[in-house]
Amino acid sequence: MLLELKNIYKWVDQGGKRIFLLKDLSFKVEEGEFISIMGPSGSGKSTLLNVIGMLDDFQEGAYTFLDEQVHSMKDKNRSKLYKEYIGFVFQAYHLIDELTVYENIETPLLYKNVKSAERKALVADMLDRFNIVGKKDLFPSQLSGGQQQLVGVARALIAKPKLLLADEPTGNLNSAQSEEIMKLFKELNNEGVTIIQASHSESNAAYGSRIVKLLDGMVDNS
Amino acid sequence: MLKNYFKIAWRNIAANKLFTTLNIAGLAIGICVCIVLFAFVNNELSFDKMYSNSEHIYRVNMETSEEYNYETWPTLPNAVGPAVANEISQVKYMSRLIKDDFGSTASLKVGTRNFKEDGLYLADSALFDMFDFKFVESAGQNPFSRPNSVVISQSSKARLFGDENAIGRIITVNNNDSLEVSGIYEDLPKNSVIDCNMVYNILDSWMGTNEYWGNASYETYILLQPDANVAEVQSQATALIDKHVDKEEQYFTKFLLQPLTKIHLYSADIGEGYTSKLGSVGTVKSLLFLSILVLLIACVNYMNLATANSQKRSKSIGMNKVLGANKGQMLSLFYIETGILVLISIGIGYAVAFASLPVFQNITGNELAYADLLSLPILLSLLAIWVIVTIVAGSYPAISMSAISPLVLVKKTKTTYSVADFVRKGLVVFQFAASIILIIAVTVILQQMNYIRTKNLGYNPEGVVAVSVNSAETQTQIDNVIAAFKRQPNVESVTAVQSIPGANESGRSVRKLSTDNVGMPISSCNTTGGIVKTMQLDLLAGNDLPEHIAKGDSTNYTLINEKILTYLGFETPEDAVGKSINTELGDHSVVTGVVKNFNYKSLKEDVGGYMYYSGRYAPEGVRTVVLRYNSQNLSALIDQLQTTFNAHLPNVAFDYAFIDQHVAAFYASEEKTANTATAFSILAIFIACLGLFGLSAFTAEARTKEIGVRKVLGATVSGVVRLLTKDFLKLVLVAFLIAGPLAWWLMHNWLLDFAFRTEIKWWVFLFAGGMAVFIALLTISFQAIKAAIANPVKSLRTE
């Protein structure tokens, strides 16, 4: 088992009222799964991904990741954990504007203190694999949305994460580009990467091995 | 990793041109100002440190008694030096130092040519050992081995003798003493308070040989043994007073040793000595303060702009953190970015410093050489500026921005209120408060300067020229030249005087009764009559002093001011006219006239008792002819006077001065202060405007969407402009409330230095506040209008 969420509650107080973002949510992920989380706007998809990615915290419940108790960890150890095992892909790509394609992909390795020669080899492999060698010296603003997301995925994968979290990875893309990314995800999953993606689209969700439906912060089992 | 930081930092700098330009401009100006001022301060602090004995040389000053208001004087009776040297074993060498003829400009004659000289001194021969005089030529082992020897500096030698041999040549001083050149020394360093151009032996003059404990005119320098105890020497010296001077004649009570290295900067409260090289530690401190203020304002710009930019950058910071960066790594990135920017600014600032050196000299009147900018302390200070500015300007943005959470990537709403916003407002208030204080300060200083220039002094210094006749060979020559001047066209009246106002008057006392022990200390000035007419004094009663006094008349005719009148107890000016008074002048003194108090000294000082007198047997001579003219063509007038002068005094150098310029020189340092404060204020305000300009650009950008929505809903352009400027104007108002009282307090204290001063008027504050608002509006409105007239469709689409 890769991770388990047990009875997670997350809420915000707004205007004297308590609004639940996640409500008694329990959820298990095995290694090698490709899960699509679906649900209407505001159902808690992004919040769930952020909690799983340890970017956001929660008020109640237990979260176990690779046998570690995430909910009782210190911030520092928690961020160490996610940096080690989790890669993120965002709807808005979030490439670093000041860095080239090559440098964007290289950055996670720099923070992991990977040696220069090894970095070069890893980045070159990645560029090769994603067919973007010719674009390596371009800046994000010079790429199309689909190309940017490709770079975003490459960057998320460079540090060889066990888990890839993708929040509406195709939300800003046209259908051809979306399909390309989804095929890529499927391929990655076949190679052993666990993937959790949040999606609006039935067709994208269908790429997953399992679909989890959310409604008002709860798993909708109906 | 580090290489990568530099790369990212550099790209950030290069990417945001507006931000970078504003920051570099502000920082470069601030740094340029700092470098120039550090060079100035460094030069001021270097004074007299180059002498090998500098740490053991002291000037002996004395504290006077109640009669002279306990003032400290740097000049002593000529008997003090020898007594100190002979009777105190810890004193190794002693030299007295006095300018020829108590500081009057000397007229030198070499062959048939006349020269003016301001740097002719008399001293004991120990001076040369104490102050490392380096002789390049000399007639014998000891420069003063032969009587009437004089040693001269290399540049004086060049002036007087050109390329000719000078050793053994004769210089005639004031048509009186003949001195033989016995040595030539290297010019003394520029940063030396000892500023002799030529020195002759004080023991060749009565000044050195006739030792008195009376007349205090002699600066006295001593070199102590290396292990001497200064406090002990001081008390031993003070003990000499009781030993040598009768109790009732002691008008000084204490000797104080002032270290040589402190003379230049710390002599403001000490009376006037002979050196022309006095600085002021107050000036040094205030310039240092101002330069740091300017730099601080530039740092504030950086903080403001960098954090305003953080909304744009938060995404990349968050992403870096998701990709594995920790807080420390983000901190280094920001510090490197700041460091690079500051380094560029230092480069530019340093280059501009070289270019602006002449401007700096013009404004502050302080001389600096290019070499001063290259000295080691300055280069070290560049390094210090780099580190300190990077830390001061960079810390707040680095710390606040590196704390940005990766959640910014996933949160859909932006936080509207933040601590950064509050801090930014605080920084803007600081900048505006500083600017307002500077505007008020400059206005008050300029008002006071104007008050000084236009105040009725009680006499009219304009249209009067003073010609020195100090070196005349006979009284007849003086009488003849006066008579000749009177015949000149454009000359209204001519009078010979002992002193122009506030220069060389004699100090004496007037007493109510001849038996009184203590009187009122006054300044007295001998004249040949007609003084009321020439100086345009305000005669309250009686007559001008007589121009002719009958043979055998031993009366001293006096013209007293109101201060003396009041002291002597007369009810009205008319009462005093014709009365005898006790003046120490001679047996019989009579009041001829009474004049209104006039400011014979600077307006920083109160008016004291002043008396012009005229008598056949006057104890003092006349040194200067003052002459009132009514010509506009001054160069023709001076030519005409010089021709007349040379015809009657062929052996004297023609030396003249305009009295209004002499008066203006009283305020030279205030004039400098006014110029400097104005220049600094303009720079500070300009830098603050750069920051405000950038800030308003960011604000407008951050509110693009809001503006778009408002416009779609029907807001007018002017409404949007008002919306964007309102917030800044609120900050200006807060700044004004802080700055107003502070500025009032500062300037109130500054004005206390002047006995005669203007008041701080309410409209000054209104003016400063108005200026601040005006400048702020001017700066902001460009961005505000740009944002207001933009097409809302565009701004809404991009979101």
# chains A, B, ... in the order shown; residues from 1 in each chain; ligands from 1
$ interface_residues --of "chain A" --to "chain B" --cutoff "8 Å" --atoms "only C-alpha atoms" --output "mmCIF file with N, CA and C atoms, in the first residue's frame"
data_model
loop_
_atom_site.group_PDB
_atom_site.id
_atom_site.type_symbol
_atom_site.label_atom_id
_atom_site.label_comp_id
_atom_site.auth_asym_id
_atom_site.auth_seq_id
_atom_site.Cartn_x
_atom_site.Cartn_y
_atom_site.Cartn_z
ATOM 1 N N SER A 46 -9.455 19.191 -5.765
ATOM 2 C CA SER A 46 -8.142 19.831 -5.607
ATOM 3 C C SER A 46 -7.676 19.740 -4.159
ATOM 4 N N ASN A 50 -4.214 18.190 -2.809
ATOM 5 C CA ASN A 50 -3.256 18.979 -2.026
ATOM 6 C C ASN A 50 -2.937 18.298 -0.707
ATOM 7 N N LEU A 55 0.859 19.453 0.470
ATOM 8 C CA LEU A 55 0.994 20.903 0.332
ATOM 9 C C LEU A 55 0.044 21.583 1.306
ATOM 10 N N ASP A 56 -1.047 20.938 1.645
ATOM 11 C CA ASP A 56 -2.061 21.522 2.505
ATOM 12 C C ASP A 56 -2.298 20.575 3.679
ATOM 13 N N LYS A 80 10.188 16.981 3.197
ATOM 14 C CA LYS A 80 11.225 16.073 2.732
ATOM 15 C C LYS A 80 10.608 14.858 2.059
ATOM 16 N N LYS A 83 8.996 15.753 -1.318
ATOM 17 C CA LYS A 83 10.005 16.058 -2.327
ATOM 18 C C LYS A 83 10.647 14.772 -2.851
ATOM 19 N N GLY A 87 5.581 13.767 -7.402
ATOM 20 C CA GLY A 87 5.731 14.760 -8.452
ATOM 21 C C GLY A 87 4.385 15.414 -8.716
ATOM 22 N N PHE A 88 4.427 16.739 -9.059
ATOM 23 C CA PHE A 88 3.164 17.457 -9.254
ATOM 24 C C PHE A 88 3.030 17.951 -10.685
ATOM 25 N N HIS A 94 2.504 25.971 -14.423
ATOM 26 C CA HIS A 94 3.412 26.523 -13.421
ATOM 27 C C HIS A 94 4.872 26.259 -13.735
ATOM 28 N N LEU A 95 5.227 26.448 -14.992
ATOM 29 C CA LEU A 95 6.659 26.416 -15.297
ATOM 30 C C LEU A 95 7.270 27.707 -14.766
ATOM 31 N N ILE A 96 8.577 27.682 -14.489
ATOM 32 C CA ILE A 96 9.217 28.895 -14.004
ATOM 33 C C ILE A 96 9.613 29.749 -15.215
ATOM 34 N N ASP A 97 9.001 30.926 -15.302
ATOM 35 C CA ASP A 97 9.112 31.742 -16.513
ATOM 36 C C ASP A 97 10.544 32.123 -16.852
ATOM 37 N N GLU A 98 11.365 32.261 -15.809
ATOM 38 C CA GLU A 98 12.722 32.769 -16.044
ATOM 39 C C GLU A 98 13.667 31.664 -16.498
ATOM 40 N N LEU A 99 13.205 30.411 -16.461
ATOM 41 C CA LEU A 99 14.089 29.298 -16.810
ATOM 42 C C LEU A 99 13.697 28.685 -18.149
ATOM 43 N N THR A 107 15.711 21.634 -12.545
ATOM 44 C CA THR A 107 15.629 22.223 -11.210
ATOM 45 C C THR A 107 15.450 21.218 -10.048
ATOM 46 N N PRO A 108 14.523 20.243 -10.145
ATOM 47 C CA PRO A 108 14.376 19.321 -9.016
ATOM 48 C C PRO A 108 15.681 18.590 -8.691
ATOM 49 N N LEU A 110 18.676 19.802 -9.066
ATOM 50 C CA LEU A 110 19.556 20.741 -8.371
ATOM 51 C C LEU A 110 19.243 20.740 -6.879
ATOM 52 N N TYR A 111 17.959 20.762 -6.567
ATOM 53 C CA TYR A 111 17.587 20.796 -5.154
ATOM 54 C C TYR A 111 17.877 19.482 -4.451
ATOM 55 N N LYS A 112 18.065 18.411 -5.250
ATOM 56 C CA LYS A 112 18.427 17.136 -4.631
ATOM 57 C C LYS A 112 19.931 16.925 -4.631
ATOM 58 N N ASN A 113 20.661 17.969 -5.060
ATOM 59 C CA ASN A 113 22.124 17.915 -5.098
ATOM 60 C C ASN A 113 22.669 16.769 -5.944
ATOM 61 N N ALA A 156 8.043 16.894 -13.509
ATOM 62 C CA ALA A 156 7.513 16.149 -12.364
ATOM 63 C C ALA A 156 8.133 14.758 -12.265
#
$ residues_around --residues "A:Lys23" --least-positions-apart "4" --cutoff "7 Å" --atoms "only C-alpha atoms" --output "PyMOL selection string"
chain A and resi 8-10+217-218
$ write_last_selection --atoms "N, CA and C atoms" --output "short mmCIF file (atom, residue, chain, number, x, y, z; two decimals), in the first residue's frame"
data_model
loop_
_atom_site.label_atom_id
_atom_site.label_comp_id
_atom_site.auth_asym_id
_atom_site.auth_seq_id
_atom_site.Cartn_x
_atom_site.Cartn_y
_atom_site.Cartn_z
N ILE A 8 -10.67 11.71 7.19
CA ILE A 8 -10.08 13.05 7.09
C ILE A 8 -11.18 14.11 7.11
N TYR A 9 -10.96 15.12 7.98
CA TYR A 9 -11.83 16.29 7.98
C TYR A 9 -10.98 17.52 7.67
N LYS A 10 -11.50 18.35 6.79
CA LYS A 10 -10.85 19.64 6.57
C LYS A 10 -11.95 20.67 6.39
N GLY A 217 -17.11 16.96 -0.60
CA GLY A 217 -16.03 16.58 0.30
C GLY A 217 -16.11 15.14 0.78
N MET A 218 -17.01 14.40 0.21
CA MET A 218 -17.13 13.00 0.64
C MET A 218 -17.05 12.11 -0.60
#
$ closest_residue --among "B:Tyr610, B:Trp206, B:Tyr600, B:Tyr302" --to "B:Pro501" --atoms "only C-alpha atoms"
B:Tyr600
$ residues_around --residues "A:Leu2" --least-positions-apart "4" --cutoff "10 Å" --atoms "only C-alpha atoms" --output "list in words"
Lys28, Val29, Glu30, Glu31, Gly32, Glu33, Thr64, Phe65, Leu66, Asp67, Lys162, Leu163 and Thr194 of chain A
$ closest_residue --among "A:Ser201, A:Ser79, A:Ser209, A:Thr100" --to "A:Pro169" --atoms "only C-alpha atoms"
A:Ser201
$ residues_around --residues "A:Ile158" --least-positions-apart "3" --cutoff "7 Å" --atoms "only C-alpha atoms" --output "count of residues only"
3
$ select_by_dssp --residues "stretch 103-206 of chain A" --states "alpha helix (DSSP H)" --output "PyMOL selection string"
chain A and resi 103-111+116-129+145-158+175-190+202-205
$ atom_distance --atom1 "atom CA of A:Tyr207" --atom2 "atom CA of A:Glu179"
9.8 Å
$ atom_distance --atom1 "atom CA of B:Phe161" --atom2 "atom CA of B:Met50"
29.1 Å
$ atom_distance --atom1 "atom CA of B:Ala665" --atom2 "atom CA of B:Ala755"
17.2 Å
